[in-house]
>>> print(open('run-v6.txt').read())   # compact mmCIF, C-alpha atoms
# COMPACT_ATOMS: atom_id res chain seq x y z
CA MET F 1 13.81 -36.44 -5.92
CA GLY F 2 15.46 -37.00 -9.34
CA ARG F 3 18.63 -35.47 -10.73
CA TRP F 4 16.66 -32.60 -12.26
CA GLU F 5 15.21 -31.47 -8.92
CA PRO F 6 17.54 -28.52 -8.29
CA ASP F 7 16.08 -26.94 -11.43
CA ALA F 8 12.46 -27.81 -10.80
CA ARG F 9 11.57 -24.59 -9.02
CA GLY F 10 13.07 -22.42 -11.73
CA ARG F 11 11.42 -24.44 -14.48
CA LEU F 12 8.05 -24.28 -12.76
CA GLU F 13 8.40 -20.55 -12.25
CA ALA F 14 9.32 -19.94 -15.90
CA ALA F 15 6.46 -22.14 -17.11
CA ALA F 16 3.97 -20.42 -14.79
CA LEU F 17 5.04 -16.89 -15.81
CA ALA F 18 4.78 -17.81 -19.49
CA LEU F 19 1.31 -19.31 -19.05
CA TYR F 20 0.04 -16.45 -16.86
CA GLY F 21 1.19 -14.07 -19.59
CA GLU F 22 -0.38 -16.10 -22.40
CA HIS F 23 -3.71 -17.07 -20.87
CA GLY F 24 -4.05 -14.93 -17.77
CA PHE F 25 -3.42 -15.88 -14.15
CA GLU F 26 -7.01 -16.91 -13.43
CA GLN F 27 -7.24 -19.19 -16.44
CA THR F 28 -4.02 -21.09 -15.78
CA THR F 29 -4.12 -24.34 -13.81
CA VAL F 30 -1.37 -26.02 -11.82
CA ALA F 31 -1.75 -29.04 -14.12
CA GLU F 32 -0.89 -26.85 -17.10
CA ILE F 33 2.10 -25.31 -15.34
CA ALA F 34 3.47 -28.72 -14.40
CA LYS F 35 2.93 -30.02 -17.92
CA ARG F 36 4.67 -27.05 -19.52
CA ALA F 37 7.61 -27.52 -17.14
CA GLY F 38 7.72 -31.25 -17.92
CA LEU F 39 7.07 -32.06 -14.26
CA THR F 40 4.23 -33.45 -12.17
CA GLU F 41 1.64 -31.55 -10.14
CA ARG F 42 3.06 -33.29 -7.12
CA THR F 43 6.44 -31.68 -7.81
CA PHE F 44 4.73 -28.31 -8.20
CA PHE F 45 3.19 -28.65 -4.75
CA ARG F 46 6.55 -29.61 -3.26
CA HIS F 47 7.78 -26.15 -4.28
CA PHE F 48 4.73 -23.91 -4.09
CA ALA F 49 1.59 -23.89 -1.95
CA ASP F 50 -0.52 -22.67 -4.89
CA LYS F 51 -0.21 -20.87 -8.19
CA ARG F 52 -0.17 -17.47 -6.53
CA GLU F 53 2.88 -18.37 -4.48
CA VAL F 54 4.92 -18.67 -7.68
CA LEU F 55 4.67 -14.88 -7.86
CA PHE F 56 5.33 -14.14 -4.19
CA TRP F 57 7.67 -16.80 -2.82
CA GLY F 58 10.61 -14.36 -2.76
CA ALA F 59 8.87 -11.85 -0.47
CA GLY F 60 9.99 -13.47 2.79
CA THR F 61 13.60 -13.71 1.66
CA LEU F 62 13.55 -10.11 0.45
CA GLN F 63 12.15 -8.96 3.78
CA ASP F 64 14.73 -10.88 5.82
CA PHE F 65 17.48 -9.53 3.60
CA LEU F 66 16.34 -5.91 3.97
CA VAL F 67 15.90 -6.21 7.73
CA SER F 68 19.43 -7.67 8.12
CA ALA F 69 20.91 -5.03 5.88
CA VAL F 70 19.27 -2.19 7.83
CA ALA F 71 20.43 -3.77 11.09
CA GLY F 72 23.96 -4.12 9.72
CA ALA F 73 24.36 -0.52 8.52
CA PRO F 74 27.05 1.49 10.33
CA ASP F 75 25.86 3.00 13.61
CA SER F 76 26.61 6.43 12.22
CA ALA F 77 24.30 5.99 9.20
CA ALA F 78 21.24 8.26 9.13
CA PRO F 79 17.95 6.30 8.89
CA ILE F 80 17.40 7.09 5.21
CA ASP F 81 20.98 6.09 4.41
CA ALA F 82 20.60 2.77 6.25
CA VAL F 83 17.45 2.10 4.22
CA ALA F 84 19.05 3.22 0.96
CA ALA F 85 22.07 0.99 1.53
CA ALA F 86 19.77 -1.97 2.22
CA LEU F 87 17.73 -1.33 -0.94
CA GLU F 88 20.84 -0.97 -3.07
CA ALA F 89 22.21 -4.21 -1.64
CA VAL F 90 19.07 -5.94 -2.94
CA GLY F 91 19.88 -4.89 -6.51
CA PRO F 92 22.33 -7.72 -7.32
CA LEU F 93 19.72 -10.31 -6.25
CA PHE F 94 17.68 -9.22 -9.26
CA ALA F 95 20.58 -8.73 -11.67
CA GLU F 96 19.91 -11.77 -13.85
CA ARG F 97 16.17 -11.62 -13.46
CA ARG F 98 14.98 -8.55 -15.31
CA GLU F 99 13.00 -10.49 -17.91
CA GLY F 100 11.31 -12.61 -15.24
CA ALA F 101 10.56 -9.49 -13.19
CA ARG F 102 9.04 -7.86 -16.26
CA GLN F 103 6.79 -10.86 -16.91
CA ARG F 104 5.79 -11.03 -13.27
CA GLN F 105 4.91 -7.33 -13.16
CA ALA F 106 2.72 -7.64 -16.27
CA VAL F 107 0.83 -10.57 -14.73
CA ILE F 108 0.28 -8.65 -11.50
CA ALA F 109 -0.79 -5.47 -13.28
CA ALA F 110 -3.47 -7.45 -15.13
CA ASN F 111 -5.15 -8.89 -12.02
CA ALA F 112 -6.80 -6.93 -9.21
CA GLU F 113 -6.31 -9.63 -6.58
CA LEU F 114 -2.60 -9.86 -7.40
CA ARG F 115 -2.21 -6.09 -7.29
CA GLU F 116 -3.71 -6.18 -3.79
CA ARG F 117 -1.35 -8.94 -2.77
CA GLU F 118 1.59 -6.89 -4.06
CA LEU F 119 0.44 -3.86 -2.06
CA ILE F 120 0.26 -6.00 1.05
CA LYS F 121 3.75 -7.33 0.37
CA LEU F 122 5.14 -3.80 0.04
CA ALA F 123 3.34 -2.65 3.19
CA SER F 124 4.84 -5.60 5.08
CA LEU F 125 8.29 -4.71 3.80
CA ALA F 126 7.85 -1.10 4.95
CA SER F 127 6.65 -2.26 8.32
CA ALA F 128 9.57 -4.67 8.73
CA ILE F 129 12.08 -1.97 7.77
CA ALA F 130 10.48 0.47 10.22
CA GLY F 131 10.88 -2.19 12.91
CA ALA F 132 14.56 -2.65 12.02
CA LEU F 133 15.07 1.12 12.26
CA ARG F 134 13.37 1.25 15.66
CA ARG F 135 15.74 -1.45 16.86
CA ARG F 136 18.56 0.88 15.77
CA GLY F 137 17.11 3.49 18.13
CA VAL F 138 15.28 5.56 15.51
CA ALA F 139 12.11 7.06 16.98
CA ASP F 140 8.76 7.32 15.27
CA PRO F 141 7.55 8.96 13.08
CA ALA F 142 11.08 9.09 11.58
CA ALA F 143 11.36 5.28 11.47
CA SER F 144 8.02 4.83 9.70
CA LEU F 145 8.61 7.73 7.33
CA ALA F 146 12.10 6.58 6.33
CA ALA F 147 10.76 3.06 5.74
CA GLU F 148 7.73 4.21 3.73
CA ALA F 149 9.86 6.61 1.71
CA GLY F 150 12.36 3.82 1.06
CA ILE F 151 9.68 1.45 -0.19
CA ALA F 152 8.22 4.14 -2.45
CA VAL F 153 11.70 4.68 -3.88
CA PHE F 154 12.17 0.94 -4.35
CA ARG F 155 8.82 0.42 -6.05
CA ILE F 156 9.31 3.30 -8.45
CA ALA F 157 12.93 2.35 -9.16
CA PHE F 158 11.87 -1.24 -9.83
CA GLU F 159 9.21 -0.14 -12.32
CA ARG F 160 11.67 2.10 -14.11
CA TRP F 161 14.29 -0.64 -14.19
CA ILE F 162 12.03 -3.26 -15.74
CA LYS F 163 10.81 -0.80 -18.38
CA ASP F 164 14.36 0.23 -19.20
CA THR F 165 16.24 -1.41 -22.05
CA SER F 166 19.75 -0.20 -21.24
CA PRO F 167 22.18 -2.29 -19.19
CA ARG F 168 21.77 0.04 -16.19
CA ASP F 169 21.16 -2.03 -13.07
CA LEU F 170 18.46 -1.77 -10.42
CA GLN F 171 20.90 -0.04 -8.07
CA TYR F 172 21.23 2.79 -10.58
CA PHE F 173 17.48 3.40 -10.52
CA ILE F 174 17.34 3.15 -6.74
CA ARG F 175 19.98 5.86 -6.43
CA GLU F 176 18.22 7.95 -9.07
CA SER F 177 14.81 7.65 -7.38
CA LEU F 178 16.27 8.41 -3.97
CA ASP F 179 17.98 11.52 -5.33
CA GLU F 180 14.70 12.50 -6.92
CA LEU F 181 12.85 11.99 -3.63
CA LYS F 182 15.41 14.16 -1.86
CA ALA F 183 14.91 16.89 -4.47
CA VAL F 184 11.11 16.54 -4.25
CA THR F 185 10.94 16.77 -0.47
CA ALA F 186 13.37 19.70 -0.52
CA GLY F 187 10.63 21.46 -2.54
CA ARG F 188 12.43 21.47 -5.87
CA MET R 1 -38.16 9.07 3.08
CA GLY R 2 -39.31 10.30 6.50
CA ARG R 3 -38.33 13.45 8.39
CA TRP R 4 -35.43 11.67 10.08
CA GLU R 5 -33.77 10.72 6.79
CA PRO R 6 -31.10 13.44 6.75
CA ASP R 7 -29.64 11.81 9.85
CA ALA R 8 -30.01 8.22 8.75
CA ARG R 9 -26.55 7.88 7.26
CA GLY R 10 -24.85 9.28 10.34
CA ARG R 11 -26.94 7.13 12.68
CA LEU R 12 -26.21 4.01 10.66
CA GLU R 13 -22.51 4.81 10.62
CA ALA R 14 -22.39 5.37 14.38
CA ALA R 15 -24.35 2.17 15.03
CA ALA R 16 -22.12 0.15 12.69
CA LEU R 17 -18.88 1.47 14.21
CA ALA R 18 -20.13 0.70 17.71
CA LEU R 19 -21.15 -2.85 16.77
CA TYR R 20 -17.97 -3.55 14.81
CA GLY R 21 -16.03 -2.47 17.89
CA GLU R 22 -18.12 -4.55 20.28
CA HIS R 23 -18.54 -7.77 18.32
CA GLY R 24 -16.08 -7.52 15.45
CA PHE R 25 -16.72 -6.59 11.83
CA GLU R 26 -17.26 -10.17 10.64
CA GLN R 27 -19.78 -10.96 13.35
CA THR R 28 -21.97 -7.91 12.81
CA THR R 29 -24.98 -8.14 10.47
CA VAL R 30 -26.75 -5.38 8.59
CA ALA R 31 -29.92 -6.31 10.48
CA GLU R 32 -28.15 -5.57 13.78
CA ILE R 33 -26.81 -2.25 12.50
CA ALA R 34 -30.25 -1.15 11.32
CA LYS R 35 -31.83 -2.22 14.59
CA ARG R 36 -29.24 -0.37 16.70
CA ALA R 37 -29.80 2.76 14.56
CA GLY R 38 -33.58 2.39 14.93
CA LEU R 39 -33.94 2.06 11.16
CA THR R 40 -34.77 -0.66 8.66
CA GLU R 41 -32.38 -2.79 6.60
CA ARG R 42 -33.98 -1.23 3.56
CA THR R 43 -32.84 2.19 4.76
CA PHE R 44 -29.35 0.81 5.36
CA PHE R 45 -29.14 -0.35 1.77
CA ARG R 46 -30.33 3.02 0.50
CA HIS R 47 -27.17 4.49 2.04
CA PHE R 48 -24.57 1.74 1.81
CA ALA R 49 -23.98 -1.11 -0.63
CA ASP R 50 -22.83 -3.39 2.20
CA LYS R 51 -21.43 -3.28 5.70
CA ARG R 52 -17.91 -2.70 4.44
CA GLU R 53 -18.93 0.47 2.64
CA VAL R 54 -19.78 2.07 5.98
CA LEU R 55 -16.02 2.20 6.55
CA PHE R 56 -15.00 3.35 3.07
CA TRP R 57 -17.78 5.53 1.66
CA GLY R 58 -15.70 8.70 2.19
CA ALA R 59 -12.78 7.51 0.02
CA GLY R 60 -14.16 8.82 -3.28
CA THR R 61 -14.93 12.23 -1.80
CA LEU R 62 -11.49 12.41 -0.21
CA GLN R 63 -9.84 11.51 -3.51
CA ASP R 64 -11.83 14.11 -5.49
CA PHE R 65 -11.05 16.71 -2.85
CA LEU R 66 -7.30 15.99 -2.93
CA VAL R 67 -7.16 15.96 -6.72
CA SER R 68 -8.98 19.33 -6.92
CA ALA R 69 -6.76 20.83 -4.24
CA VAL R 70 -3.57 19.70 -6.02
CA ALA R 71 -4.92 21.07 -9.31
CA GLY R 72 -5.83 24.36 -7.63
CA ALA R 73 -2.45 25.00 -5.99
CA PRO R 74 -0.58 28.07 -7.28
CA ASP R 75 1.38 27.43 -10.47
CA SER R 76 4.54 28.36 -8.63
CA ALA R 77 4.08 25.69 -5.92
CA ALA R 78 6.66 22.89 -5.92
CA PRO R 79 5.08 19.40 -6.23
CA ILE R 80 5.55 18.51 -2.56
CA ASP R 81 4.07 21.87 -1.52
CA ALA R 82 1.03 21.36 -3.76
CA VAL R 83 0.52 17.94 -2.14
CA ALA R 84 1.12 19.27 1.36
CA ALA R 85 -1.40 22.09 0.85
CA ALA R 86 -3.98 19.59 -0.39
CA LEU R 87 -3.43 17.30 2.60
CA GLU R 88 -3.66 20.16 5.07
CA ALA R 89 -6.87 21.33 3.41
CA VAL R 90 -8.34 17.90 4.20
CA GLY R 91 -7.76 18.42 7.92
CA PRO R 92 -10.92 20.46 8.64
CA LEU R 93 -13.07 17.74 7.02
CA PHE R 94 -12.07 15.50 9.90
CA ALA R 95 -12.15 18.13 12.64
CA GLU R 96 -15.31 16.92 14.38
CA ARG R 97 -14.71 13.28 13.63
CA ARG R 98 -11.73 12.20 15.69
CA GLU R 99 -13.68 9.76 17.82
CA GLY R 100 -15.31 8.18 14.76
CA ALA R 101 -11.93 8.00 13.02
CA ARG R 102 -10.47 6.31 16.10
CA GLN R 103 -13.24 3.69 16.17
CA ARG R 104 -12.92 3.10 12.45
CA GLN R 105 -9.15 2.63 12.68
CA ALA R 106 -9.52 0.09 15.49
CA VAL R 107 -12.03 -1.91 13.46
CA ILE R 108 -9.75 -1.89 10.43
CA ALA R 109 -6.67 -2.83 12.45
CA ALA R 110 -8.50 -5.90 13.77
CA ASN R 111 -9.41 -7.36 10.37
CA ALA R 112 -6.99 -8.47 7.63
CA GLU R 113 -9.45 -7.96 4.78
CA LEU R 114 -10.20 -4.42 5.93
CA ARG R 115 -6.50 -3.64 6.31
CA GLU R 116 -6.06 -4.72 2.70
CA ARG R 117 -8.96 -2.56 1.60
CA GLU R 118 -7.40 0.40 3.40
CA LEU R 119 -4.06 -0.19 1.65
CA ILE R 120 -5.84 -0.24 -1.69
CA LYS R 121 -7.62 2.99 -0.82
CA LEU R 122 -4.33 4.69 0.06
CA ALA R 123 -2.66 3.38 -3.12
CA SER R 124 -5.56 4.78 -5.16
CA LEU R 125 -5.21 8.13 -3.44
CA ALA R 126 -1.48 8.21 -4.22
CA SER R 127 -2.13 7.28 -7.81
CA ALA R 128 -4.81 9.97 -8.18
CA ILE R 129 -2.53 12.61 -6.66
CA ALA R 130 0.32 11.56 -8.99
CA GLY R 131 -2.10 11.99 -11.91
CA ALA R 132 -3.06 15.48 -10.69
CA LEU R 133 0.64 16.40 -10.44
CA ARG R 134 1.30 15.13 -13.97
CA ARG R 135 -1.52 17.34 -15.22
CA ARG R 136 0.36 20.24 -13.59
CA GLY R 137 3.33 19.33 -15.77
CA VAL R 138 5.33 17.44 -13.13
CA ALA R 139 7.32 14.63 -14.76
CA ASP R 140 7.80 11.14 -13.37
CA PRO R 141 9.32 9.87 -11.14
CA ALA R 142 8.89 13.19 -9.29
CA ALA R 143 5.09 13.06 -9.58
CA SER R 144 4.85 9.52 -8.21
CA LEU R 145 7.40 10.14 -5.48
CA ALA R 146 5.76 13.35 -4.28
CA ALA R 147 2.38 11.60 -4.23
CA GLU R 148 3.65 8.50 -2.41
CA ALA R 149 5.58 10.63 0.07
CA GLY R 150 2.47 12.72 0.64
CA ILE R 151 0.31 9.70 1.33
CA ALA R 152 2.90 8.27 3.73
CA VAL R 153 2.90 11.61 5.55
CA PHE R 154 -0.89 11.65 5.65
CA ARG R 155 -1.20 8.08 6.93
CA ILE R 156 1.34 8.60 9.67
CA ALA R 157 -0.09 12.00 10.63
CA PHE R 158 -3.58 10.51 10.79
CA GLU R 159 -2.44 7.71 13.10
CA ARG R 160 -0.70 10.18 15.38
CA TRP R 161 -3.72 12.47 15.42
CA ILE R 162 -6.20 9.79 16.41
CA LYS R 163 -3.89 8.54 19.17
CA ASP R 164 -3.37 12.06 20.46
CA THR R 165 -5.51 13.43 23.29
CA SER R 166 -4.63 17.12 23.00
CA PRO R 167 -6.76 19.54 20.97
CA ARG R 168 -4.10 19.69 18.21
CA ASP R 169 -5.75 19.24 14.84
CA LEU R 170 -4.92 16.91 11.97
CA GLN R 171 -3.24 19.75 10.09
CA TYR R 172 -0.73 20.08 12.93
CA PHE R 173 0.29 16.44 12.57
CA ILE R 174 0.45 16.70 8.78
CA ARG R 175 2.87 19.63 9.05
CA GLU R 176 4.86 17.81 11.72
CA SER R 177 5.13 14.60 9.67
CA LEU R 178 6.05 16.50 6.54
CA ASP R 179 8.80 18.36 8.40
CA GLU R 180 9.98 15.03 9.77
CA LEU R 181 10.03 13.51 6.26
CA LYS R 182 12.05 16.47 5.02
CA ALA R 183 14.54 15.97 7.85
CA VAL R 184 14.66 12.21 7.22
CA THR R 185 15.29 12.48 3.48
CA ALA R 186 17.90 15.16 4.11
CA GLY R 187 19.75 12.43 6.06
CA ARG R 188 19.19 13.86 9.51
>>> encode(input="run-v6.txt", output="structure tokens")
Amino acid sequence: MGRWEPDARGRLEAAALALYGEHGFEQTTVAEIAKRAGLTERTFFRHFADKREVLFWGAGTLQDFLVSAVAGAPDSAAPIDAVAAALEAVGPLFAERREGARQRQAVIAANAELRERELIKLASLASAIAGALRRRGVADPAASLAAEAGIAVFRIAFERWIKDTSPRDLQYFIRESLDELKAVTAGR
Amino acid sequence: MGRWEPDARGRLEAAALALYGEHGFEQTTVAEIAKRAGLTERTFFRHFADKREVLFWGAGTLQDFLVSAVAGAPDSAAPIDAVAAALEAVGPLFAERREGARQRQAVIAANAELRERELIKLASLASAIAGALRRRGVADPAASLAAEAGIAVFRIAFERWIKDTSPRDLQYFIRESLDELKAVTAGR
């Protein structure tokens, strides 16, 4: 563990995203990622199980964060408001990472296996949020529907945010998409 | 092509679902399915590309049906109502198939790869419905949100229907889940 270690993960991630974008995910090897980052393969495997994990390592953290935020919403909050507050609270975690998120999304969009993995990740998030709502005493199907609706809002907001070039933050797009969902389900 | 051919697909499907339930999807071979159905492997492969397709062959038909139904909704219908009408119109297609749907769902729930395939199928349906809404002149994100919300409603309604033991039909659960989604997004 050298002095540079605290940065190793970030450097590996940046190198991997650049290479996946340049040559495709399939074509990129761990050796190339390590080389581009100026690190060893051994260091790569200290941080990531494989090259796919570079794209998905944040999923567990995101899930834990959302579950805690739903659990911590005021008792009086309606299910959709507890979910919305949790999603908005996620926004700042991505604040400095729009360019990385953009690169990641392009890599995933270009690869069927990665698109599947992303779908599974989102389904797990919805399922975890539904569980957190049930623990708040929300019955089904309301818990599942609020969770699924929340994840649809998040996914669509995220896509709009990374395509956007203004300084508007992810929270803005989450609020916008949620308002749009409310209008849509109200039949407008 | 013998006289029994019109029934071959249905017999193969019933045999496959029974075997997947008894021994697991992974453990079942095409030879066993054909034998149980009293048919040859050759006949199996005339109807299905592989043993997974027995579980997913209806997806294309379902998608075409939903897309046509969304396209055919009255011009005045709000996006969510066009989607809801399309989903309800699907109900009768499943009317006589609750037991088969129940078996299929249990097989899918027991296998990670099949769960992934099912997620992909649902994401494709949502994407196709969003496309049909855009062709009706619905802008994004409304088109995507109405489609995703509709698929969430359908998935949850379907689960409730196959667990239910009353004679209530799938349409009933679709209307119930949609009403619940409306209540949830309205913050109730």
>>> residues_near_point(input="run-v6.txt", point="(11.1, 1.2, -6.0)", cutoff="10 Å", atoms="only C-alpha atoms", output="ChimeraX atom specification")
/F:87,122,149-161,170,173-174,177-178 /R:145
>>> interface_residues(input="run-v6.txt", of="chain F", to="chain R", cutoff="6 Å", atoms="only C-alpha atoms", output="list of chain:residue names")
F:Ala78, F:Ile80, F:Lys182, F:Thr185, F:Gly187, F:Arg188
>>> residues_around(input="run-v6.txt", residues="Gly21 (chain R)", least_positions_apart="6", cutoff="8 Å", atoms="only C-alpha atoms", output="PyMOL selection string")
chain R and resi 103+106-107
>>> write_last_selection(input="run-v6.txt", atoms="C-alpha atoms", output="PDB file, keeping the file's coordinate frame")
ATOM      1  CA  GLN R 103     -13.240   3.690  16.170  1.00  0.00           C
ATOM      2  CA  ALA R 106      -9.520   0.090  15.490  1.00  0.00           C
ATOM      3  CA  VAL R 107     -12.030  -1.910  13.460  1.00  0.00           C
TER       4      VAL R 107
END
>>> closest_residue(input="run-v6.txt", among="R:Glu53, R:Glu22, R:Val30, R:Ala85", to="Gln171 (chain R)", atoms="all atoms listed in the file")
R:Ala85
>>> atom_distance(input="run-v6.txt", atom1="CA of Val54 (chain R)", atom2="CA of Val90 (chain R)")
19.6 Å
>>> atom_distance(input="run-v6.txt", atom1="CA of Gly10 (chain R)", atom2="CA of Thr28 (chain R)")
17.6 Å
